[in-house]
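S.K.: For reference, this is target.txt, and it has compact mmCIF, C-alpha atoms.
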# COMPACT_ATOMS: atom_id res chain seq x y z
CA MET A 1 15.22 9.62 25.81
CA SER A 2 13.33 9.01 22.55
CA ALA A 3 12.11 5.46 21.94
CA LEU A 4 12.99 5.71 18.26
CA GLU A 5 15.01 8.18 16.24
CA LEU A 6 15.69 8.17 12.52
CA ILE A 7 18.44 10.66 11.72
CA SER A 8 18.79 11.57 8.06
CA VAL A 9 18.03 7.98 7.03
CA SER A 10 18.31 7.16 3.35
CA LYS A 11 17.92 3.82 1.63
CA VAL A 12 18.93 3.08 -1.94
CA TYR A 13 18.21 -0.24 -3.64
CA GLY A 14 20.13 -1.31 -6.75
CA SER A 15 22.71 0.80 -8.49
CA GLY A 16 23.33 2.76 -11.67
CA ALA A 17 20.30 3.18 -13.89
CA GLY A 18 18.26 0.78 -11.76
CA GLU A 19 18.87 2.76 -8.57
CA VAL A 20 15.74 3.22 -6.43
CA HIS A 21 15.73 5.79 -3.63
CA ALA A 22 13.28 4.23 -1.17
CA LEU A 23 14.02 6.74 1.61
CA ARG A 24 15.62 10.17 1.35
CA ALA A 25 17.03 11.84 4.46
CA VAL A 26 14.13 10.85 6.69
CA GLU A 27 14.03 12.44 10.15
CA LEU A 28 11.58 10.94 12.62
CA THR A 29 11.49 10.88 16.41
CA VAL A 30 8.96 8.88 18.43
CA GLU A 31 8.69 9.36 22.19
CA PRO A 32 7.69 6.66 24.68
CA GLY A 33 3.89 6.48 24.87
CA GLU A 34 3.46 8.20 21.52
CA LEU A 35 1.68 6.64 18.56
CA VAL A 36 2.80 7.90 15.16
CA ALA A 37 1.17 6.92 11.89
CA VAL A 38 3.10 7.08 8.63
CA MET A 39 0.76 7.56 5.69
CA GLY A 40 1.61 7.36 2.05
CA PRO A 41 0.67 5.65 -1.19
CA SER A 42 2.19 2.32 -2.19
CA GLY A 43 5.82 2.76 -3.20
CA SER A 44 6.26 5.82 -0.96
CA GLY A 45 8.77 4.00 1.28
CA LYS A 46 6.46 3.21 4.23
CA SER A 47 7.42 -0.43 4.64
CA THR A 48 11.13 0.32 4.16
CA LEU A 49 10.90 2.93 6.89
CA LEU A 50 9.38 0.35 9.23
CA THR A 51 11.89 -2.43 8.50
CA ILE A 52 14.80 -0.01 8.98
CA ALA A 53 13.28 1.32 12.23
CA GLY A 54 12.96 -2.28 13.41
CA SER A 55 16.56 -3.15 12.45
CA LEU A 56 15.34 -5.77 9.97
CA GLU A 57 17.21 -3.83 7.30
CA GLU A 58 20.13 -1.38 7.37
CA PRO A 59 19.98 2.14 5.98
CA THR A 60 22.34 3.14 3.16
CA SER A 61 23.17 6.25 5.16
CA GLY A 62 21.99 7.92 8.35
CA GLU A 63 21.49 6.53 11.82
CA VAL A 64 18.71 4.78 13.72
CA THR A 65 18.54 4.78 17.51
CA VAL A 66 16.19 2.60 19.55
CA GLY A 67 15.89 3.53 23.22
CA GLY A 68 19.04 5.63 22.80
CA LEU A 69 21.12 2.79 21.31
CA ALA A 70 22.60 3.56 17.89
CA LEU A 71 21.95 0.46 15.77
CA SER A 72 25.13 0.98 13.72
CA GLN A 73 27.17 0.62 16.90
CA LEU A 74 25.64 -2.77 17.79
CA SER A 75 26.97 -6.16 16.72
CA ARG A 76 24.73 -8.56 14.75
CA ASN A 77 24.01 -10.49 17.94
CA GLN A 78 23.21 -7.36 19.91
CA ARG A 79 20.82 -6.23 17.19
CA ALA A 80 19.14 -9.64 17.18
CA ALA A 81 18.75 -9.46 20.96
CA LEU A 82 17.24 -5.97 20.67
CA ARG A 83 14.75 -7.25 18.09
CA ARG A 84 13.74 -10.15 20.34
CA ARG A 85 13.44 -8.14 23.55
CA GLY A 86 12.82 -4.55 22.68
CA ILE A 87 10.81 -4.41 19.45
CA GLY A 88 7.43 -5.92 18.55
CA TYR A 89 6.23 -6.28 14.97
CA VAL A 90 2.70 -6.63 13.65
CA PHE A 91 2.29 -7.52 10.00
CA GLN A 92 -0.66 -7.17 7.67
CA ASP A 93 -0.99 -10.93 7.23
CA PHE A 94 -0.57 -11.64 10.98
CA ASN A 95 2.30 -14.16 10.41
CA LEU A 96 1.17 -16.50 13.18
CA LEU A 97 2.69 -19.97 13.17
CA ALA A 98 -0.08 -22.38 12.21
CA GLY A 99 1.31 -25.30 14.24
CA LEU A 100 1.35 -23.35 17.52
CA THR A 101 -1.59 -22.37 19.74
CA ALA A 102 -2.40 -18.72 20.44
CA ALA A 103 -0.52 -18.90 23.77
CA GLU A 104 2.49 -20.61 22.15
CA ASN A 105 2.60 -17.97 19.40
CA VAL A 106 2.63 -15.21 22.02
CA SER A 107 5.23 -16.89 24.24
CA LEU A 108 7.54 -17.74 21.32
CA PRO A 109 9.66 -14.54 21.37
CA LEU A 110 10.31 -15.03 25.10
CA GLU A 111 11.27 -18.69 24.64
CA LEU A 112 13.60 -17.74 21.78
CA ASP A 113 15.21 -15.37 24.22
CA GLY A 114 15.96 -18.23 26.63
CA ILE A 115 13.09 -17.76 29.06
CA SER A 116 11.68 -21.04 30.39
CA VAL A 117 8.54 -22.43 28.76
CA ARG A 118 6.62 -22.17 32.04
CA VAL A 119 7.52 -18.53 32.73
CA ALA A 120 6.94 -17.61 29.07
CA ARG A 121 3.49 -19.24 29.16
CA VAL A 122 2.49 -17.27 32.27
CA ALA A 123 3.54 -14.04 30.52
CA ALA A 124 1.65 -15.06 27.35
CA LEU A 125 -1.53 -15.83 29.29
CA GLU A 126 -1.32 -12.45 31.02
CA VAL A 127 -1.11 -10.69 27.66
CA LEU A 128 -3.95 -12.76 26.18
CA ASP A 129 -6.07 -11.95 29.21
CA ARG A 130 -5.42 -8.24 28.72
CA LEU A 131 -6.49 -8.58 25.09
CA GLY A 132 -9.68 -10.42 26.08
CA LEU A 133 -8.42 -13.62 24.47
CA LEU A 134 -7.80 -15.88 27.43
CA GLU A 135 -10.41 -18.40 26.29
CA CYS A 136 -8.59 -18.66 22.94
CA ALA A 137 -5.21 -19.46 24.53
CA ASP A 138 -5.14 -23.10 23.51
CA ARG A 139 -6.71 -22.70 20.08
CA PHE A 140 -4.73 -22.86 16.86
CA PRO A 141 -4.73 -19.91 14.43
CA ASP A 142 -7.13 -21.62 12.00
CA GLU A 143 -9.64 -21.96 14.86
CA LEU A 144 -9.64 -18.17 15.39
CA SER A 145 -11.48 -15.39 13.53
CA GLY A 146 -9.47 -12.82 11.57
CA GLY A 147 -9.93 -10.26 14.35
CA GLU A 148 -8.78 -12.74 17.02
CA ARG A 149 -5.74 -13.74 14.95
CA GLN A 150 -4.67 -10.12 14.66
CA ARG A 151 -5.14 -9.57 18.40
CA VAL A 152 -2.92 -12.60 19.05
CA ALA A 153 -0.32 -11.09 16.68
CA ILE A 154 -0.46 -7.87 18.72
CA GLY A 155 -0.09 -9.96 21.89
CA ARG A 156 3.06 -11.52 20.44
CA ALA A 157 4.36 -8.06 19.58
CA VAL A 158 3.90 -6.63 23.06
CA VAL A 159 4.78 -9.60 25.31
CA GLY A 160 7.76 -9.05 27.62
CA GLU A 161 9.53 -5.75 27.97
CA ARG A 162 9.09 -4.33 24.48
CA ARG A 163 9.24 -0.56 24.27
CA LEU A 164 8.65 -0.18 20.54
CA LEU A 165 5.72 -1.53 18.54
CA LEU A 166 5.98 -1.42 14.74
CA ALA A 167 2.91 -2.25 12.69
CA ASP A 168 2.49 -2.53 8.92
CA GLU A 169 -1.19 -2.11 7.91
CA PRO A 170 -2.17 -3.81 11.18
CA SER A 171 -5.86 -4.09 10.41
CA GLY A 172 -5.02 -5.97 7.20
CA ALA A 173 -8.18 -7.17 5.53
CA LEU A 174 -10.30 -6.85 8.68
CA ASP A 175 -13.63 -5.01 8.48
CA SER A 176 -13.75 -1.55 9.96
CA VAL A 177 -15.18 -2.58 13.34
CA ASN A 178 -12.49 -5.25 13.85
CA GLY A 179 -9.89 -2.80 12.53
CA GLU A 180 -11.07 -0.37 15.20
CA SER A 181 -10.55 -2.95 17.98
CA VAL A 182 -7.03 -3.56 16.69
CA MET A 183 -6.28 0.16 16.85
CA ARG A 184 -7.85 0.43 20.33
CA LEU A 185 -5.36 -2.25 21.43
CA VAL A 186 -2.43 -0.51 19.79
CA ARG A 187 -3.45 2.73 21.52
CA ALA A 188 -3.88 1.04 24.90
CA THR A 189 -0.40 -0.45 24.47
CA CYS A 190 1.04 2.99 23.79
CA GLU A 191 -0.76 4.43 26.81
CA ASP A 192 1.28 1.95 28.86
CA GLY A 193 4.42 3.75 27.68
CA VAL A 194 5.25 1.79 24.53
CA ALA A 195 6.15 3.86 21.45
CA GLY A 196 4.18 2.87 18.37
CA VAL A 197 4.68 3.38 14.65
CA VAL A 198 1.90 2.30 12.30
CA VAL A 199 2.38 2.53 8.56
CA THR A 200 -0.80 2.58 6.53
CA HIS A 201 -2.54 4.06 3.52
CA ASP A 202 -5.81 4.02 5.50
CA ALA A 203 -6.80 7.41 6.95
CA GLN A 204 -9.24 5.89 9.45
CA LEU A 205 -6.45 3.77 10.90
CA ALA A 206 -3.98 6.65 10.86
CA SER A 207 -6.44 8.89 12.70
CA TRP A 208 -5.91 6.83 15.87
CA ALA A 209 -2.36 8.23 16.05
CA ASP A 210 -1.18 11.25 18.05
CA ARG A 211 0.67 12.44 14.98
CA VAL A 212 0.37 11.53 11.32
CA VAL A 213 3.44 11.85 9.12
CA PHE A 214 3.00 11.93 5.34
CA LEU A 215 5.56 10.10 3.22
CA ARG A 216 5.90 10.70 -0.51
CA ASP A 217 8.65 9.32 -2.77
CA GLY A 218 10.77 8.43 0.25
CA ARG A 219 10.52 11.88 1.84
CA ILE A 220 8.52 13.11 4.79
CA VAL A 221 6.59 15.93 3.18
CA ASP A 222 4.20 16.97 5.92
CA GLN A 223 2.71 16.07 9.30
CA THR A 224 -0.43 16.84 11.27
CA ALA A 225 -0.44 19.57 13.88
CA VAL A 226 -1.14 19.07 17.55
CA PRO A 227 -4.93 19.13 17.76
CA ASP A 228 -7.03 21.88 19.38
CA GLY A 229 -9.16 19.40 21.31
CA PRO A 230 -12.52 17.83 20.51
CA GLU A 231 -14.53 20.96 21.45
CA SER A 232 -13.41 22.49 18.17
CA LEU A 233 -15.58 19.97 16.34
CA LEU A 234 -18.83 20.67 18.09
CA PRO A 235 -20.11 23.52 15.95
CA ALA A 236 -19.30 21.65 12.74
CA PRO A 237 -22.04 18.98 12.81
CA ALA A 238 -24.73 21.54 13.69
CA ARG A 239 -24.19 23.37 10.42
CA MET B 1 -31.38 15.53 9.91
CA SER B 2 -35.17 15.39 10.02
CA VAL B 3 -36.15 16.63 13.47
CA PRO B 4 -39.89 15.89 12.96
CA HIS B 5 -39.20 12.23 12.13
CA ALA B 6 -36.71 11.86 14.95
CA LEU B 7 -39.40 13.13 17.36
CA LEU B 8 -41.97 10.73 15.86
CA ALA B 9 -39.48 7.89 16.38
CA LEU B 10 -39.05 8.82 20.06
CA LEU B 11 -42.83 8.91 20.50
CA THR B 12 -43.14 5.29 19.29
CA GLU B 13 -41.83 4.40 22.76
CA GLY B 14 -44.85 6.03 24.42
CA PRO B 15 -46.20 9.50 25.29
CA LYS B 16 -43.57 12.11 26.17
CA TYR B 17 -43.18 15.75 27.18
CA GLY B 18 -41.38 18.32 25.04
CA LEU B 19 -38.36 18.69 27.32
CA GLN B 20 -38.09 14.92 27.59
CA LEU B 21 -38.08 14.65 23.77
CA ARG B 22 -35.34 17.24 23.50
CA ARG B 23 -33.14 15.46 26.05
CA GLN B 24 -33.66 12.04 24.46
CA PHE B 25 -33.05 13.39 20.94
CA GLU B 26 -29.66 14.70 22.03
CA GLU B 27 -28.79 11.50 23.89
CA ARG B 28 -29.71 9.23 21.00
CA THR B 29 -27.74 11.22 18.46
CA GLY B 30 -24.59 11.08 20.54
CA GLU B 31 -25.19 14.71 21.63
CA VAL B 32 -23.68 16.00 18.41
CA TRP B 33 -26.92 17.61 17.21
CA PRO B 34 -27.90 20.22 19.76
CA LEU B 35 -31.59 21.08 19.59
CA ASN B 36 -33.17 24.11 21.22
CA VAL B 37 -36.39 23.78 23.08
CA GLY B 38 -38.21 26.28 20.83
CA GLN B 39 -37.43 24.08 17.85
CA VAL B 40 -38.93 21.08 19.65
CA TYR B 41 -42.20 22.86 20.46
CA THR B 42 -42.65 24.40 16.98
CA THR B 43 -42.03 20.99 15.43
CA LEU B 44 -44.55 19.35 17.78
CA GLN B 45 -47.11 22.04 16.93
CA ARG B 46 -46.69 21.33 13.22
CA LEU B 47 -46.87 17.58 13.75
CA GLU B 48 -50.09 18.04 15.73
CA ARG B 49 -51.57 20.31 13.05
CA ASP B 50 -50.82 17.61 10.45
CA GLY B 51 -52.42 14.90 12.59
CA LEU B 52 -49.17 12.99 13.11
CA VAL B 53 -49.11 13.44 16.87
CA GLU B 54 -51.79 14.30 19.43
CA SER B 55 -51.46 15.97 22.80
CA ASP B 56 -53.26 15.34 26.04
CA GLY B 57 -55.29 18.48 25.38
CA ALA B 58 -53.76 20.86 27.93
CA ASP B 59 -53.82 24.44 26.65
CA GLY B 60 -50.75 26.11 25.21
CA LEU B 61 -47.36 24.49 24.96
CA GLY B 62 -46.23 24.25 28.54
CA PRO B 63 -43.82 21.63 29.83
CA GLN B 64 -46.78 19.69 31.29
CA LYS B 65 -48.23 18.90 27.86
CA SER B 66 -47.60 15.35 26.76
CA PHE B 67 -47.57 14.10 23.16
CA ARG B 68 -48.24 10.71 21.58
CA ILE B 69 -47.84 9.48 18.03
CA THR B 70 -51.01 8.85 15.93
CA ARG B 71 -51.55 6.00 13.45
CA ALA B 72 -50.93 8.48 10.60
CA GLY B 73 -47.70 9.50 12.38
CA ALA B 74 -46.54 5.87 12.55
CA VAL B 75 -47.23 5.41 8.81
CA GLU B 76 -45.37 8.63 8.01
CA LEU B 77 -42.38 7.50 10.12
CA ASP B 78 -42.25 4.08 8.44
CA ASN B 79 -42.36 5.70 4.96
CA TRP B 80 -39.60 8.12 5.91
CA LEU B 81 -37.33 5.37 7.24
CA ARG B 82 -37.59 3.49 3.95
CA THR B 83 -37.31 6.47 1.60
CA PRO B 84 -33.73 6.82 0.34
CA PRO B 85 -32.24 10.26 0.93
CA ASN B 86 -31.28 12.17 -2.17
CA LEU B 87 -27.75 10.98 -2.91
CA SER B 88 -27.99 11.33 -6.66
CA SER B 89 -27.14 14.98 -7.19
CA PRO B 90 -23.49 15.88 -6.77
CA PRO B 91 -22.74 17.75 -3.56
CA ARG B 92 -21.55 21.33 -3.69
CA ASP B 93 -17.99 20.24 -3.53
CA GLU B 94 -15.77 23.22 -3.08
CA LEU B 95 -12.76 20.94 -2.68
CA VAL B 96 -13.15 19.46 -6.17
CA ILE B 97 -13.35 22.94 -7.62
CA LYS B 98 -10.24 24.07 -5.72
CA VAL B 99 -8.20 21.13 -7.00
CA LEU B 100 -9.47 21.64 -10.55
CA VAL B 101 -8.56 25.31 -10.42
CA ALA B 102 -5.16 24.53 -8.88
CA THR B 103 -4.27 22.41 -11.93
CA ARG B 104 -4.63 25.53 -14.07
CA VAL B 105 -3.07 28.29 -12.02
CA PRO B 106 0.53 28.99 -13.01
CA GLY B 107 2.99 28.76 -10.15
CA VAL B 108 0.68 26.63 -8.00
CA ASP B 109 1.68 23.01 -7.38
CA VAL B 110 -1.58 21.08 -7.32
CA HIS B 111 0.06 18.32 -5.25
CA ASP B 112 0.87 20.84 -2.52
CA VAL B 113 -2.73 22.01 -2.60
CA ILE B 114 -3.93 18.39 -2.35
CA GLN B 115 -1.57 17.73 0.56
CA ALA B 116 -2.75 20.82 2.45
CA HIS B 117 -6.33 19.52 2.23
CA ARG B 118 -5.29 15.95 3.02
CA ARG B 119 -3.55 17.09 6.20
CA HIS B 120 -6.53 19.17 7.27
CA VAL B 121 -8.98 16.29 6.73
CA VAL B 122 -6.74 13.81 8.60
CA GLU B 123 -6.53 16.30 11.50
CA LEU B 124 -10.33 16.43 11.59
CA MET B 125 -10.46 12.63 11.53
CA GLN B 126 -8.01 12.52 14.45
CA GLU B 127 -10.39 14.76 16.42
CA TRP B 128 -13.39 12.53 15.72
CA THR B 129 -11.36 9.40 16.50
CA ARG B 130 -10.28 10.93 19.80
CA ILE B 131 -13.94 11.35 20.76
CA LYS B 132 -14.55 7.73 19.72
CA ARG B 133 -11.57 6.56 21.76
CA ASP B 134 -12.65 8.45 24.88
CA ALA B 135 -16.25 7.28 24.54
CA GLY B 136 -15.29 3.59 24.53
CA THR B 137 -17.54 1.05 22.85
CA GLU B 138 -20.65 1.24 25.04
CA ASP B 139 -22.49 4.12 23.40
CA VAL B 140 -23.58 2.61 20.09
CA SER B 141 -25.56 5.69 18.95
CA LEU B 142 -22.52 7.87 19.35
CA ALA B 143 -20.34 5.28 17.57
CA LEU B 144 -22.75 5.26 14.60
CA VAL B 145 -22.68 9.04 14.32
CA LEU B 146 -18.88 9.14 14.60
CA ASP B 147 -18.49 6.34 12.04
CA ALA B 148 -20.67 8.27 9.58
CA GLU B 149 -18.49 11.35 9.95
CA LEU B 150 -15.26 9.34 9.71
CA PHE B 151 -16.39 7.47 6.60
CA ARG B 152 -17.44 10.74 4.99
CA LEU B 153 -14.03 12.30 5.68
CA ASP B 154 -12.30 9.08 4.63
CA SER B 155 -14.00 9.29 1.25
CA VAL B 156 -12.61 12.81 0.88
CA ILE B 157 -9.09 11.47 1.56
CA ARG B 158 -9.60 8.67 -0.94
CA TRP B 159 -10.67 11.15 -3.57
CA LEU B 160 -7.62 13.36 -2.80
CA ASP B 161 -5.33 10.30 -3.04
CA ALA B 162 -6.90 9.28 -6.34
CA ALA B 163 -6.63 12.84 -7.68
CA ASP B 164 -2.99 13.02 -6.58
CA SER B 165 -2.13 9.75 -8.26
CA ARG B 166 -4.09 10.54 -11.44
CA LEU B 167 -2.40 13.93 -11.77
CA ARG B 168 1.03 12.35 -11.32
CA ARG B 169 0.31 9.93 -14.13
CA SER B 170 -1.17 12.48 -16.48
CA PRO B 171 -0.48 16.05 -15.42
CA VAL B 172 -2.82 18.73 -16.72
CA GLU B 173 -1.17 21.32 -18.99
CA SER B 174 -1.06 24.42 -16.83
CA ALA B 175 -0.81 26.86 -19.74
CA GLY B 176 -3.98 28.28 -21.23
CA PRO B 177 -7.37 28.93 -19.76
CA ALA B 178 -9.52 26.27 -18.13
CA ARG B 179 -11.56 24.35 -20.69
CA GLY B 180 -14.88 26.12 -20.65
CA PRO B 181 -17.31 23.29 -21.31
CA VAL B 182 -15.98 20.91 -18.63
CA VAL B 183 -15.79 23.53 -15.92
CA GLU B 184 -19.14 24.95 -16.98
CA GLN B 185 -20.69 21.50 -16.76
CA ILE B 186 -19.33 21.00 -13.25
CA ARG B 187 -20.38 24.46 -12.23
CA GLN B 188 -23.93 23.87 -13.40
CA ARG B 189 -24.19 20.47 -11.77
CA SER B 190 -22.70 21.50 -8.47
CA GLU B 191 -24.34 24.94 -8.38
CA VAL B 192 -21.11 26.47 -7.16
CA ALA B 193 -19.73 29.70 -8.56
CA LEU B 194 -16.24 28.87 -9.75
CA PRO B 195 -13.63 31.03 -8.08
CA LEU B 196 -12.42 32.30 -11.46
CA LYS B 197 -11.47 35.59 -9.86
CA LEU B 198 -8.87 33.63 -7.96
CA GLN B 199 -7.30 32.56 -11.23
CA GLU B 200 -7.31 36.11 -12.55
CA GLY B 201 -5.84 37.39 -9.29
CA VAL B 202 -2.95 34.96 -9.40
CA ARG B 203 -2.24 35.66 -13.07
CA ARG B 204 -2.11 39.42 -12.55
Write out the structure in this file as structure tokens.
M.R.:
Amino acid sequence: MSALELISVSKVYGSGAGEVHALRAVELTVEPGELVAVMGPSGSGKSTLLTIAGSLEEPTSGEVTVGGLALSQLSRNQRAALRRRGIGYVFQDFNLLAGLTAAENVSLPLELDGISVRVARVAALEVLDRLGLLECADRFPDELSGGERQRVAIGRAVVGERRLLLADEPSGALDSVNGESVMRLVRATCEDGVAGVVVTHDAQLASWADRVVFLRDGRIVDQTAVPDGPESLLPAPAR
Amino acid sequence: MSVPHALLALLTEGPKYGLQLRRQFEERTGEVWPLNVGQVYTTLQRLERDGLVESDGADGLGPQKSFRITRAGAVELDNWLRTPPNLSSPPRDELVIKVLVATRVPGVDVHDVIQAHRRHVVELMQEWTRIKRDAGTEDVSLALVLDAELFRLDSVIRWLDAADSRLRRSPVESAGPARGPVVEQIRQRSEVALPLKLQEGVRR
């Protein structure tokens, strides 16, 4: 069963002369363990695609399924529960809550879902440990570096039983080396069976994905082929 | 890549044999620049002739001959490290020429041409990133080499994106021949023969 499926998804904002077609009949399937990057210039519909995939917004037409569940068939409450339990989001500006420590930020989605503070904290500490951030657990976001803040945001996105990770320009304003550690984490998460979708205009970020999909004016216009393997590169640098 | 200077750099660590130099050269450059042993010995011979290295005096060029850097060699290496490479002349950029030509060929959508190249470059970047991913973060030399290649390819993508966006804002009139002076200027500066035959072929 696919982790995420967008079936002929279109999104129109406004009406009449002011109508904007943000997405046009988008078809996208992401399997568990797969990392897909969606590349496109600003205004191409990348962020809309991500918010619709994450059930933060509804499509004008078409269907979205997450883990085989058709979102249109779910009630508001069921969709909210799916967002809390099944989907993790990483935003460009991290969106950590300033008044909570790193561990509290990570455990928040679990607590919102009714899990006890103690159990949620244990789960948060496990995630922080995996991300090499255990020593930062009780620090507040403004006591962390940009790279650490983004790793905490990833921790919050993957804590619990989430099977889908959605990231919008996840390396934000980080330098390339910190951006690389963020993508290493995203990849490691996917290798554990989570499906990932990263939207970005940055080719270096996108190149961490198994598959890169190109979006233009709300349409998927192209995608990368399955690679031949790294051996194919070896003659190139010797030229 | 300057093999002579790379060998001088390795010899700053102490005297070494030819085969040892070859192995270390490949290790330190993330094994992406294969070097054959003949190349190593010819380079060492030239360096010795120029007084930049000296050998332990054994006859011939057998594997038992060990080399060390001279004072002149150390000065040469230091000068080389600080001398900027020639970045000023435009590279022979076939891609730029292809996109320029595509704006003028009737029936060809330049944005499709740009996308075909964009996809190809991203696929190459995926390959390099996969090597980076598999290598982990321990091998810093390899990471530096991979970064250089990824940044180079990234700049190609940025140029393609900029070209795409510029051409959407102000499309080039496809009718009529390419403007001679501009293309001629680029041709002269990049020393690339413009594929004008391609244009003729498509028009026919």
S.K.: From the list B:Val156, B:Leu150, B:Val37, B:Val172, which residue is nearest chain A when using only C-alpha atoms?
M.R.: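 Using only C-alpha atoms, the shortest distance to chain A belongs to B:Leu150.
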S.K.: Find the residues of chain B in contact range of chain A, meaning any atom within 6 Å when counting only C-alpha atoms, and list them as a list in words.
M.R.: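 The contacting residues on chain B are Trp33, Arg119, Met125, Gln126 and Glu127 of chain B.
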S.K.: Can you work out the spacing between atom CA of Gly73 of chain B and atom CA of Gln20 of chain B in Å, to one decimal?
M.R.: 18.8 Å
S.K.: Where's the centre, and what are the edge lengths in Å to one decimal, of a box along x, y and z enclosing all listed atoms of segment 99-115 of chain B padded 6 Å per side, as JSON?
M.R.:
{"center_x": -3.2, "center_y": 23.4, "center_z": -6.8, "size_x": 24.5, "size_y": 23.3, "size_z": 26.6}
S.K.: Nearest residue to Val9 of chain A out of A:Glu63, A:Met39, A:Gln150, A:Gly54, using only C-alpha atoms?
M.R.: A:Glu63
S.K.: Using only C-alpha atoms, pick whichever of A:Leu69, A:Val30, A:Ala102, A:Leu125 has the shortest atom-to-atom distance to Ser2 of chain A.
M.R.: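 Looking only at the distances to Ser2 of chain A, the closest residue turns out to be A:Val30.
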S.K.: Could you name the residues that touch Ala25 of chain A at 9 Å or less, counting all atoms listed in the file, but leaving out those on the same chain fewer than 4 positions away, as a PyMOL selection string?
M.R.: chain A and resi 6-11+61-62+218-220
S.K.: From the options B:Leu95, B:Leu167, B:Ile157, B:Ala72, which residue's atoms come nearest to Val121 of chain B, counting all atoms listed in the file?
M.R.: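 Going through B:Leu95, B:Leu167, B:Ile157, B:Ala72 one by one, the smallest distance to Val121 of chain B is for B:Ile157.
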S.K.: What gap, in Å, lies between atom CA of Ala53 of chain A and atom CA of Leu131 of chain A?
M.R.: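 Those two atoms sit 25.6 Å apart.
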S.K.: If I take atom CA of Asp168 of chain A and atom CA of Ser47 of chain A, how far is one from the other in Å, to one decimal?
M.R.: 6.9 Å
S.K.: Applying 6 Å and only C-alpha atoms, which residues near segment 88-97 of chain A remain after dropping the ones on its own chain fewer than 6 positions away? List them as a PyMOL selection string.
M.R.: chain A and resi 150+153+157-158+165-170+172
S.K.: Go through A:Asn105, A:Ile52, A:Leu28, A:Gln73 and flag the residue nearest Arg149 of chain A, using all atoms listed in the file for the distances.
M.R.: A:Asn105
S.K.: Please return as a VMD selection string every residue within 12 Å of (19.9, -8.4, 19.5), taking into account all atoms listed in the file and the file's own coordinates.
M.R.: chain A and resid 54 to 56 66 69 71 73 to 87 112 to 113
